[in-house]
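Source file: input-v6.pdb; contents: PDB, C-alpha atoms, pLDDT in the B column.
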ATOM      1  CA  MET A   3      57.954  92.541 158.462  1.00 96.00           C
ATOM      2  CA  ILE A   4      61.031  91.445 156.521  1.00 97.00           C
ATOM      3  CA  ARG A   5      63.667  93.660 154.937  1.00 98.00           C
ATOM      4  CA  VAL A   6      66.811  92.474 153.131  1.00 98.00           C
ATOM      5  CA  GLN A   7      68.891  95.491 152.186  1.00 98.00           C
ATOM      6  CA  GLU A   8      72.364  96.830 151.499  1.00 98.00           C
ATOM      7  CA  ASP A   9      71.689 100.094 153.362  1.00 98.00           C
ATOM      8  CA  ASP A  10      72.190 100.675 157.072  1.00 98.00           C
ATOM      9  CA  PHE A  11      69.215 101.076 159.395  1.00 98.00           C
ATOM     10  CA  ASP A  12      68.316 103.369 162.308  1.00 98.00           C
ATOM     11  CA  VAL A  13      67.467 101.247 165.362  1.00 98.00           C
ATOM     12  CA  GLY A  14      65.661 104.074 167.158  1.00 98.00           C
ATOM     13  CA  ALA A  15      63.489 104.895 164.178  1.00 98.00           C
ATOM     14  CA  GLU A  16      62.703 101.210 163.567  1.00 98.00           C
ATOM     15  CA  LEU A  17      61.659 100.652 167.197  1.00 97.00           C
ATOM     16  CA  ALA A  18      59.464 103.755 167.197  1.00 97.00           C
ATOM     17  CA  ALA A  19      57.799 102.682 163.949  1.00 97.00           C
ATOM     18  CA  LEU A  20      57.194  99.171 165.265  1.00 96.00           C
ATOM     19  CA  ALA A  21      55.220 100.432 168.279  1.00 94.00           C
ATOM     20  CA  ALA A  22      53.506 103.344 166.550  1.00 95.00           C
ATOM     21  CA  GLY A  23      49.723 103.320 166.717  1.00 91.00           C
ATOM     22  CA  ASP A  24      49.350 100.296 169.025  1.00 96.00           C
ATOM     23  CA  THR A  25      49.085 101.300 172.682  1.00 96.00           C
ATOM     24  CA  GLY A  26      48.365  97.673 173.619  1.00 96.00           C
ATOM     25  CA  ILE A  27      52.075  96.971 173.210  1.00 97.00           C
ATOM     26  CA  GLY A  28      53.718  96.653 176.609  1.00 96.00           C
ATOM     27  CA  GLY A  29      57.274  96.173 175.453  1.00 97.00           C
ATOM     28  CA  ILE A  30      59.670  95.556 172.575  1.00 98.00           C
ATOM     29  CA  ALA A  31      62.678  93.226 172.750  1.00 98.00           C
ATOM     30  CA  SER A  32      65.327  93.670 170.081  1.00 98.00           C
ATOM     31  CA  PHE A  33      68.729  92.379 169.018  1.00 98.00           C
ATOM     32  CA  VAL A  34      71.309  94.137 166.850  1.00 98.00           C
ATOM     33  CA  GLY A  35      74.141  92.080 165.324  1.00 97.00           C
ATOM     34  CA  LEU A  36      77.414  93.928 164.612  1.00 97.00           C
ATOM     35  CA  VAL A  37      80.569  93.132 162.634  1.00 96.00           C
ATOM     36  CA  ARG A  38      83.345  92.197 165.095  1.00 93.00           C
ATOM     37  CA  ASP A  39      86.900  93.387 164.488  1.00 93.00           C
ATOM     38  CA  MET A  40      88.439  90.005 165.364  1.00 88.00           C
ATOM     39  CA  ALA A  41      87.577  86.433 164.387  1.00 82.00           C
ATOM     40  CA  PRO A  42      89.170  83.057 165.032  1.00 78.00           C
ATOM     41  CA  VAL A  43      90.653  81.493 161.865  1.00 73.00           C
ATOM     42  CA  GLU A  44      92.077  78.016 162.365  1.00 75.00           C
ATOM     43  CA  GLY A  45      92.258  78.591 166.107  1.00 77.00           C
ATOM     44  CA  HIS A  46      93.978  82.003 166.009  1.00 82.00           C
ATOM     45  CA  ASP A  47      92.349  85.412 166.260  1.00 86.00           C
ATOM     46  CA  ARG A  48      92.672  87.436 163.072  1.00 85.00           C
ATOM     47  CA  SER A  49      91.992  91.129 162.651  1.00 92.00           C
ATOM     48  CA  ILE A  50      89.076  91.751 160.301  1.00 93.00           C
ATOM     49  CA  ARG A  51      89.267  94.555 157.738  1.00 94.00           C
ATOM     50  CA  ALA A  52      85.797  93.971 156.302  1.00 96.00           C
ATOM     51  CA  MET A  53      83.025  91.417 156.056  1.00 96.00           C
ATOM     52  CA  THR A  54      81.042  90.675 152.913  1.00 98.00           C
ATOM     53  CA  LEU A  55      77.609  89.085 153.210  1.00 98.00           C
ATOM     54  CA  GLU A  56      76.321  87.087 150.259  1.00 98.00           C
ATOM     55  CA  HIS A  57      72.742  85.800 150.133  1.00 98.00           C
ATOM     56  CA  TYR A  58      70.285  83.916 147.949  1.00 98.00           C
ATOM     57  CA  PRO A  59      67.787  86.529 146.709  1.00 98.00           C
ATOM     58  CA  GLY A  60      64.307  85.073 146.751  1.00 98.00           C
ATOM     59  CA  MET A  61      65.043  82.198 149.106  1.00 98.00           C
ATOM     60  CA  THR A  62      66.309  84.643 151.739  1.00 98.00           C
ATOM     61  CA  GLU A  63      63.006  86.519 151.827  1.00 98.00           C
ATOM     62  CA  LYS A  64      61.087  83.237 151.763  1.00 98.00           C
ATOM     63  CA  LYS A  65      63.001  81.757 154.712  1.00 98.00           C
ATOM     64  CA  LEU A  66      62.881  84.969 156.771  1.00 98.00           C
ATOM     65  CA  ALA A  67      59.106  85.156 156.232  1.00 98.00           C
ATOM     66  CA  GLU A  68      58.750  81.528 157.362  1.00 97.00           C
ATOM     67  CA  ILE A  69      60.845  82.208 160.470  1.00 97.00           C
ATOM     68  CA  GLU A  70      58.813  85.301 161.319  1.00 98.00           C
ATOM     69  CA  ALA A  71      55.539  83.402 160.777  1.00 98.00           C
ATOM     70  CA  GLU A  72      56.774  80.664 163.118  1.00 97.00           C
ATOM     71  CA  ALA A  73      57.551  83.230 165.828  1.00 98.00           C
ATOM     72  CA  ASN A  74      54.086  84.737 165.439  1.00 97.00           C
ATOM     73  CA  ALA A  75      52.523  81.272 165.676  1.00 97.00           C
ATOM     74  CA  ARG A  76      54.372  80.529 168.920  1.00 97.00           C
ATOM     75  CA  TRP A  77      54.093  83.834 170.769  1.00 98.00           C
ATOM     76  CA  PRO A  78      51.369  86.504 170.942  1.00 97.00           C
ATOM     77  CA  LEU A  79      53.232  89.295 169.106  1.00 98.00           C
ATOM     78  CA  ALA A  80      51.698  92.641 168.240  1.00 98.00           C
ATOM     79  CA  ALA A  81      54.468  93.314 165.700  1.00 98.00           C
ATOM     80  CA  SER A  82      57.784  91.874 164.555  1.00 98.00           C
ATOM     81  CA  LEU A  83      60.610  92.981 162.290  1.00 98.00           C
ATOM     82  CA  ILE A  84      63.663  91.347 160.743  1.00 98.00           C
ATOM     83  CA  ILE A  85      66.222  93.457 158.856  1.00 98.00           C
ATOM     84  CA  HIS A  86      69.286  91.706 157.400  1.00 98.00           C
ATOM     85  CA  ARG A  87      71.965  93.520 155.415  1.00 98.00           C
ATOM     86  CA  TYR A  88      74.137  92.188 152.600  1.00 98.00           C
ATOM     87  CA  GLY A  89      77.217  93.579 150.854  1.00 98.00           C
ATOM     88  CA  THR A  90      80.549  94.671 152.312  1.00 98.00           C
ATOM     89  CA  LEU A  91      80.524  95.970 155.892  1.00 98.00           C
ATOM     90  CA  ALA A  92      83.260  97.438 158.108  1.00 97.00           C
ATOM     91  CA  PRO A  93      83.928  96.396 161.728  1.00 97.00           C
ATOM     92  CA  GLY A  94      81.325  97.971 163.995  1.00 97.00           C
ATOM     93  CA  ALA A  95      78.687  98.066 161.249  1.00 98.00           C
ATOM     94  CA  GLN A  96      75.176  96.781 161.926  1.00 98.00           C
ATOM     95  CA  ILE A  97      74.435  93.469 160.158  1.00 98.00           C
ATOM     96  CA  VAL A  98      71.092  92.309 161.443  1.00 98.00           C
ATOM     97  CA  PHE A  99      68.168  93.611 163.483  1.00 98.00           C
ATOM     98  CA  VAL A 100      65.309  91.669 164.978  1.00 98.00           C
ATOM     99  CA  ALA A 101      62.554  93.154 167.137  1.00 98.00           C
ATOM    100  CA  CYS A 102      59.420  91.725 168.703  1.00 98.00           C
ATOM    101  CA  ALA A 103      56.643  93.742 170.296  1.00 98.00           C
ATOM    102  CA  SER A 104      54.097  92.191 172.638  1.00 98.00           C
ATOM    103  CA  ALA A 105      51.762  93.028 175.477  1.00 97.00           C
ATOM    104  CA  HIS A 106      54.154  91.361 177.906  1.00 95.00           C
ATOM    105  CA  ARG A 107      57.924  91.097 178.075  1.00 96.00           C
ATOM    106  CA  GLU A 108      58.233  87.300 178.286  1.00 97.00           C
ATOM    107  CA  ALA A 109      56.808  86.737 174.807  1.00 97.00           C
ATOM    108  CA  ALA A 110      58.875  89.612 173.395  1.00 98.00           C
ATOM    109  CA  PHE A 111      62.161  88.341 174.873  1.00 98.00           C
ATOM    110  CA  GLU A 112      61.584  84.716 173.898  1.00 97.00           C
ATOM    111  CA  ALA A 113      60.404  85.474 170.373  1.00 98.00           C
ATOM    112  CA  CYS A 114      63.377  87.805 169.820  1.00 98.00           C
ATOM    113  CA  ALA A 115      65.874  85.114 170.898  1.00 97.00           C
ATOM    114  CA  PHE A 116      64.057  82.561 168.755  1.00 97.00           C
ATOM    115  CA  LEU A 117      64.190  84.785 165.663  1.00 97.00           C
ATOM    116  CA  ILE A 118      67.939  85.389 165.813  1.00 97.00           C
ATOM    117  CA  ASP A 119      68.745  81.761 166.703  1.00 96.00           C
ATOM    118  CA  TRP A 120      66.662  80.352 163.858  1.00 95.00           C
ATOM    119  CA  LEU A 121      67.784  83.017 161.406  1.00 96.00           C
ATOM    120  CA  LYS A 122      71.426  82.067 161.960  1.00 95.00           C
ATOM    121  CA  THR A 123      70.858  78.446 160.957  1.00 94.00           C
ATOM    122  CA  LYS A 124      67.996  78.789 158.445  1.00 96.00           C
ATOM    123  CA  ALA A 125      68.440  81.989 156.423  1.00 98.00           C
ATOM    124  CA  PRO A 126      70.683  81.582 153.342  1.00 98.00           C
ATOM    125  CA  PHE A 127      73.459  84.096 154.075  1.00 98.00           C
ATOM    126  CA  TRP A 128      77.211  83.491 153.902  1.00 98.00           C
ATOM    127  CA  LYS A 129      79.933  85.628 155.471  1.00 97.00           C
ATOM    128  CA  LEU A 130      83.301  86.255 153.827  1.00 97.00           C
ATOM    129  CA  GLU A 131      85.827  87.803 156.216  1.00 95.00           C
ATOM    130  CA  ASP A 132      88.616  89.919 154.786  1.00 94.00           C
ATOM    131  CA  THR A 133      91.381  89.405 157.372  1.00 90.00           C
ATOM    132  CA  GLU A 134      95.022  90.368 157.687  1.00 84.00           C
ATOM    133  CA  ASP A 135      95.794  86.895 156.227  1.00 84.00           C
ATOM    134  CA  GLY A 136      93.382  87.091 153.287  1.00 89.00           C
ATOM    135  CA  ALA A 137      89.722  86.345 152.661  1.00 93.00           C
ATOM    136  CA  THR A 138      88.110  83.437 154.517  1.00 92.00           C
ATOM    137  CA  TRP A 139      84.562  82.070 154.358  1.00 95.00           C
ATOM    138  CA  VAL A 140      83.137  81.845 157.862  1.00 92.00           C
ATOM    139  CA  GLU A 141      82.368  78.258 158.842  1.00 90.00           C
ATOM    140  CA  ALA A 142      79.070  77.281 160.413  1.00 89.00           C
ATOM    141  CA  ARG A 143      79.347  76.834 164.187  1.00 86.00           C
ATOM    142  CA  ALA A 144      77.984  73.898 166.161  1.00 86.00           C
ATOM    143  CA  SER A 145      77.050  76.345 168.959  1.00 88.00           C
ATOM    144  CA  ASP A 146      74.662  78.076 166.539  1.00 89.00           C
ATOM    145  CA  ASP A 147      73.037  74.719 165.748  1.00 88.00           C
ATOM    146  CA  ASP A 148      72.698  74.077 169.492  1.00 89.00           C
ATOM    147  CA  ALA A 149      71.154  77.509 170.029  1.00 89.00           C
ATOM    148  CA  ALA A 150      68.597  76.832 167.292  1.00 90.00           C
ATOM    149  CA  ALA A 151      67.904  73.289 168.542  1.00 89.00           C
ATOM    150  CA  ARG A 152      66.667  74.566 171.906  1.00 90.00           C
ATOM    151  CA  TRP A 153      63.631  75.952 170.085  1.00 90.00           C
ATOM    152  CA  GLU A 154      62.759  72.651 168.400  1.00 88.00           C
ATOM    153  CA  ARG A 155      60.300  71.948 171.226  1.00 67.00           C
ATOM    154  CA  LYS A 156      57.540  74.490 171.617  1.00 58.00           C
ATOM    155  CA  PRO A 157      58.060  76.672 174.698  1.00 53.00           C
ATOM    156  CA  LYS A 158      55.452  76.838 177.456  1.00 54.00           C
ATOM    157  CA  ALA A 159      54.548  80.397 176.516  1.00 54.00           C
ATOM    158  CA  ALA A 160      52.924  79.155 173.317  1.00 50.00           C
ATOM    159  CA  GLU A 161      50.702  76.608 175.035  1.00 46.00           C
TER
ATOM    160  CA  MET B  27      67.105  73.354 135.027  1.00 98.00           C
ATOM    161  CA  LYS B  28      68.593  76.436 136.680  1.00 98.00           C
ATOM    162  CA  ILE B  29      71.519  75.679 138.987  1.00 98.00           C
ATOM    163  CA  LEU B  30      72.837  78.272 141.443  1.00 98.00           C
ATOM    164  CA  TYR B  31      76.043  78.319 143.503  1.00 98.00           C
ATOM    165  CA  PHE B  32      76.891  80.439 146.528  1.00 98.00           C
ATOM    166  CA  ALA B  33      79.968  81.320 148.607  1.00 98.00           C
ATOM    167  CA  TRP B  34      82.954  79.024 147.981  1.00 97.00           C
ATOM    168  CA  MET B  35      80.829  76.731 145.800  1.00 98.00           C
ATOM    169  CA  ARG B  36      80.396  79.665 143.383  1.00 98.00           C
ATOM    170  CA  GLN B  37      84.132  80.382 143.439  1.00 97.00           C
ATOM    171  CA  ARG B  38      85.120  76.772 142.749  1.00 97.00           C
ATOM    172  CA  VAL B  39      82.559  76.239 139.979  1.00 97.00           C
ATOM    173  CA  GLY B  40      83.511  79.620 138.509  1.00 97.00           C
ATOM    174  CA  ALA B  41      79.902  80.709 137.960  1.00 97.00           C
ATOM    175  CA  ALA B  42      77.016  81.973 140.083  1.00 98.00           C
ATOM    176  CA  SER B  43      74.447  80.160 137.965  1.00 98.00           C
ATOM    177  CA  GLU B  44      74.045  78.009 134.897  1.00 97.00           C
ATOM    178  CA  GLU B  45      71.154  76.754 132.779  1.00 98.00           C
ATOM    179  CA  LEU B  46      71.644  73.035 132.132  1.00 97.00           C
ATOM    180  CA  ASP B  47      69.583  70.260 130.632  1.00 97.00           C
ATOM    181  CA  PRO B  48      70.581  67.004 132.343  1.00 97.00           C
ATOM    182  CA  PRO B  49      69.170  63.711 131.012  1.00 97.00           C
ATOM    183  CA  ALA B  50      65.951  62.373 132.579  1.00 95.00           C
ATOM    184  CA  SER B  51      67.974  59.730 134.427  1.00 96.00           C
ATOM    185  CA  VAL B  52      69.323  62.547 136.608  1.00 97.00           C
ATOM    186  CA  ASP B  53      66.317  62.500 138.926  1.00 97.00           C
ATOM    187  CA  THR B  54      67.719  63.273 142.406  1.00 98.00           C
ATOM    188  CA  VAL B  55      70.049  65.879 143.909  1.00 98.00           C
ATOM    189  CA  ASP B  56      72.668  63.157 144.396  1.00 98.00           C
ATOM    190  CA  ALA B  57      72.418  62.078 140.740  1.00 98.00           C
ATOM    191  CA  LEU B  58      72.680  65.724 139.679  1.00 98.00           C
ATOM    192  CA  ILE B  59      75.883  66.142 141.694  1.00 98.00           C
ATOM    193  CA  ASP B  60      77.353  63.005 140.043  1.00 98.00           C
ATOM    194  CA  TRP B  61      76.443  64.432 136.641  1.00 98.00           C
ATOM    195  CA  LEU B  62      77.885  67.878 137.443  1.00 98.00           C
ATOM    196  CA  ILE B  63      81.157  66.410 138.766  1.00 97.00           C
ATOM    197  CA  ALA B  64      81.705  64.678 135.430  1.00 96.00           C
ATOM    198  CA  ARG B  65      81.482  68.022 133.584  1.00 95.00           C
ATOM    199  CA  ASP B  66      84.800  69.640 134.573  1.00 94.00           C
ATOM    200  CA  GLU B  67      87.442  70.167 137.248  1.00 96.00           C
ATOM    201  CA  GLY B  68      85.659  73.187 138.765  1.00 96.00           C
ATOM    202  CA  HIS B  69      82.524  71.205 139.555  1.00 97.00           C
ATOM    203  CA  LYS B  70      84.662  68.308 140.755  1.00 97.00           C
ATOM    204  CA  ALA B  71      86.508  70.616 143.184  1.00 97.00           C
ATOM    205  CA  ALA B  72      83.270  72.222 144.381  1.00 97.00           C
ATOM    206  CA  PHE B  73      81.735  68.861 145.299  1.00 98.00           C
ATOM    207  CA  ALA B  74      84.970  67.227 146.526  1.00 96.00           C
ATOM    208  CA  ARG B  75      83.605  67.070 150.096  1.00 95.00           C
ATOM    209  CA  ARG B  76      79.949  66.332 149.458  1.00 94.00           C
ATOM    210  CA  GLU B  77      79.153  66.315 153.188  1.00 94.00           C
ATOM    211  CA  ALA B  78      80.205  70.007 153.343  1.00 95.00           C
ATOM    212  CA  VAL B  79      77.560  70.958 150.761  1.00 97.00           C
ATOM    213  CA  ARG B  80      73.893  71.823 151.339  1.00 97.00           C
ATOM    214  CA  ALA B  81      71.188  71.889 148.681  1.00 98.00           C
ATOM    215  CA  ALA B  82      67.894  73.650 148.018  1.00 98.00           C
ATOM    216  CA  VAL B  83      65.291  72.816 145.381  1.00 98.00           C
ATOM    217  CA  ASN B  84      62.894  75.604 144.460  1.00 98.00           C
ATOM    218  CA  GLN B  85      64.163  77.618 147.450  1.00 98.00           C
ATOM    219  CA  ASP B  86      63.593  74.984 150.159  1.00 98.00           C
ATOM    220  CA  TYR B  87      66.366  73.028 151.888  1.00 97.00           C
ATOM    221  CA  VAL B  88      66.325  69.378 150.804  1.00 98.00           C
ATOM    222  CA  PRO B  89      68.266  66.167 151.509  1.00 97.00           C
ATOM    223  CA  PHE B  90      70.318  64.751 148.639  1.00 98.00           C
ATOM    224  CA  ASP B  91      67.773  61.997 147.895  1.00 97.00           C
ATOM    225  CA  HIS B  92      65.197  64.691 147.013  1.00 98.00           C
ATOM    226  CA  PRO B  93      63.901  64.499 143.417  1.00 98.00           C
ATOM    227  CA  VAL B  94      64.881  67.040 140.759  1.00 98.00           C
ATOM    228  CA  ALA B  95      63.192  67.616 137.407  1.00 97.00           C
ATOM    229  CA  ALA B  96      63.317  69.889 134.382  1.00 96.00           C
ATOM    230  CA  GLY B  97      62.301  73.430 135.310  1.00 97.00           C
ATOM    231  CA  ASP B  98      63.523  73.168 138.907  1.00 98.00           C
ATOM    232  CA  GLU B  99      65.771  75.788 140.511  1.00 98.00           C
ATOM    233  CA  VAL B 100      68.508  73.877 142.316  1.00 98.00           C
ATOM    234  CA  ALA B 101      71.049  75.633 144.561  1.00 98.00           C
ATOM    235  CA  PHE B 102      74.271  74.392 146.145  1.00 98.00           C
ATOM    236  CA  PHE B 103      76.079  76.148 148.991  1.00 98.00           C
ATOM    237  CA  PRO B 104      77.984  75.617 152.256  1.00 97.00           C
ATOM    238  CA  PRO B 105      76.102  75.644 155.584  1.00 97.00           C
ATOM    239  CA  VAL B 106      74.643  79.117 156.160  1.00 97.00           C
ATOM    240  CA  THR B 107      76.438  81.688 158.357  1.00 96.00           C
ATOM    241  CA  GLY B 108      74.142  84.719 158.534  1.00 94.00           C
ATOM    242  CA  GLY B 109      72.955  86.690 161.520  1.00 92.00           C
TER
END
Exercise: express the given structure as structure tokens:
Amino acid sequence: MIRVQEDDFDVGAELAALAAGDTGIGGIASFVGLVRDMAPVEGHDRSIRAMTLEHYPGMTEKKLAEIEAEANARWPLAASLIIHRYGTLAPGAQIVFVACASAHREAAFEACAFLIDWLKTKAPFWKLEDTEDGATWVEARASDDDAAARWERKPKAAE
Amino acid sequence: MKILYFAWMRQRVGAASEELDPPASVDTVDALIDWLIARDEGHKAAFARREAVRAAVNQDYVPFDHPVAAGDEVAFFPPVTGG
């Protein structure tokens, strides 16, 4: 399931709902992304007052659905969920939530890592950080590309 | 043709979207960028570093040699930074 929303979400409630009614699920792996209070700008840490997430309505939902479908094609998941927020968020706020439920933990862990890695490089969101020195668009990081690239080959679990 | 801009592309162009009718000779993303740059200083500034720009046609990422045609939704933006 995909949700793109301005509102916050309740991790406990989302996890309970994901597993509800399917006692074949042996475990759920999840990741929650939060707004940090510091970020490097031109090599120096800057204090962040707020972060604003912009996205491409329509394409965002399309890409998230493709990413979720890819995870379900690679791993035997009983359920999966991606929630991504947009709008202006304060440090400490929840930005993104991914969760994967499966009969066994290996598939759940791997699929969860895959979802967040691919989402970071393939979902059309942009972060604007409001720092002590003004507003700065976050630049894409090579380490995120590397993290996504490790999934370019299908893992053994899917074979 | 509907053209969308996001993040600093939107700020430099000065609009989130525009409906434009480029000539038929504008048949690729690259040709569209050339045509947009000639329109005004905002577009010129937005595309000043073309290698820093990514494109989507009809909500799929495409390389700049990808065709464009009347009725397409074309979007320009910096590399994505969600998650």
At most 8 Å to chain A: residues in chain B, all atoms listed in the file, as a PyMOL selection string = chain B and resi 32-34+85-86+105-109
inquiry  = Can you translate the PyMOL selection byres ((chain A and resi 37) around 7) into the concrete residues it hits in this file, as a ChimeraX atom specification?
reply    = /A:36,38-39,92-97
request  = Would you list the contacts of region 47-50 of chain B as a PyMOL selection string, taking every protein, DNA or RNA residue within 8 Å and counting only C-alpha atoms, but skipping same-chain residues closer than 6 positions in sequence?
outcome  = chain B and resi 27+58+61+95-96
request  = Compare B:Val55, B:Leu62, B:Val39, B:Leu46 by their minimum atom-to-atom distance to Val88 (chain B), counting all atoms listed in the file, and give me the closest one.
outcome  =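 Selected residue with least distance to Val88 (chain B): B:Val55.
The spacing separating CA of Gly26 (chain A) from CA of Ile69 (chain A) amounts to 23.8 Å.
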message = On this structure, the PyMOL selection byres ((chain A and resi 90) around 6) would catch which residues? List them as an NGL selection string, sorted by chain and number.
response = :A and (53-54 or 89 or 91)
Spatial neighbours of Met3 (chain A), 7 Å, only C-alpha atoms, chain gap at least 3 places, as a VMD selection string = chain A and resid 82 to 84
key: Atomic distance CA of Ala103 (chain A) - CA of Ala71 (chain A), expressed in Å with one decimal   =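 Taking CA of Ala103 (chain A) as the start and CA of Ala71 (chain A) as the end point, the length is 14.1 Å.
With the shown file loaded, the PyMOL selection byres ((chain B and resi 28) around 6) picks out Met27, Ile29, Glu44, Glu45 and Glu99 of chain B.
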message = As an exercise, work out the distance from CA of Ala137 (chain A) to CA of Ala52 (chain A) in Å and give it to one decimal place.
response =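 So the two atoms, CA of Ala137 (chain A) and CA of Ala52 (chain A), lie 9.3 Å apart.
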Taking every listed atom of region 42-58 of chain A and adding 6 Å to each side, what centre and edge lengths in Å (one decimal) does the axis-aligned box have, as lines of an AutoDock Vina configuration file?
center_x = 82.1
center_y = 86.3
center_z = 157.1
size_x = 35.7
size_y = 28.5
size_z = 30.3
task = Would you list the residues near (66.6, 62.3, 140.9) (no more than 8 Å away, in the coordinates of the file, using all atoms listed in the file) as a PyMOL selection string?
result = chain B and resi 51-58+91-95
inquiry  = List as a list in words the protein and nucleic acid residues near Phe102 (chain B), meaning an atom at most 7 Å away when all atoms listed in the file are counted, but skip any in the same chain fewer than 2 places from it.
reply    =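 My reading of the contact set: Leu30, Tyr31, Phe32, Met35, Val79, Arg80, Ala81, Ala82 and Val100 of chain B.
Excluding Lys70 (chain B) and any residue on its chain fewer than 2 positions from it, the residues at most 12 Å away by all atoms listed in the file are B:Met35, B:Arg38, B:Val39, B:Gly40, B:Ile59, B:Asp60, B:Trp61, B:Leu62, B:Ile63, B:Ala64, B:Arg65, B:Asp66, B:Glu67, B:Gly68, B:Ala72, B:Phe73, B:Ala74, B:Arg75, B:Arg76.
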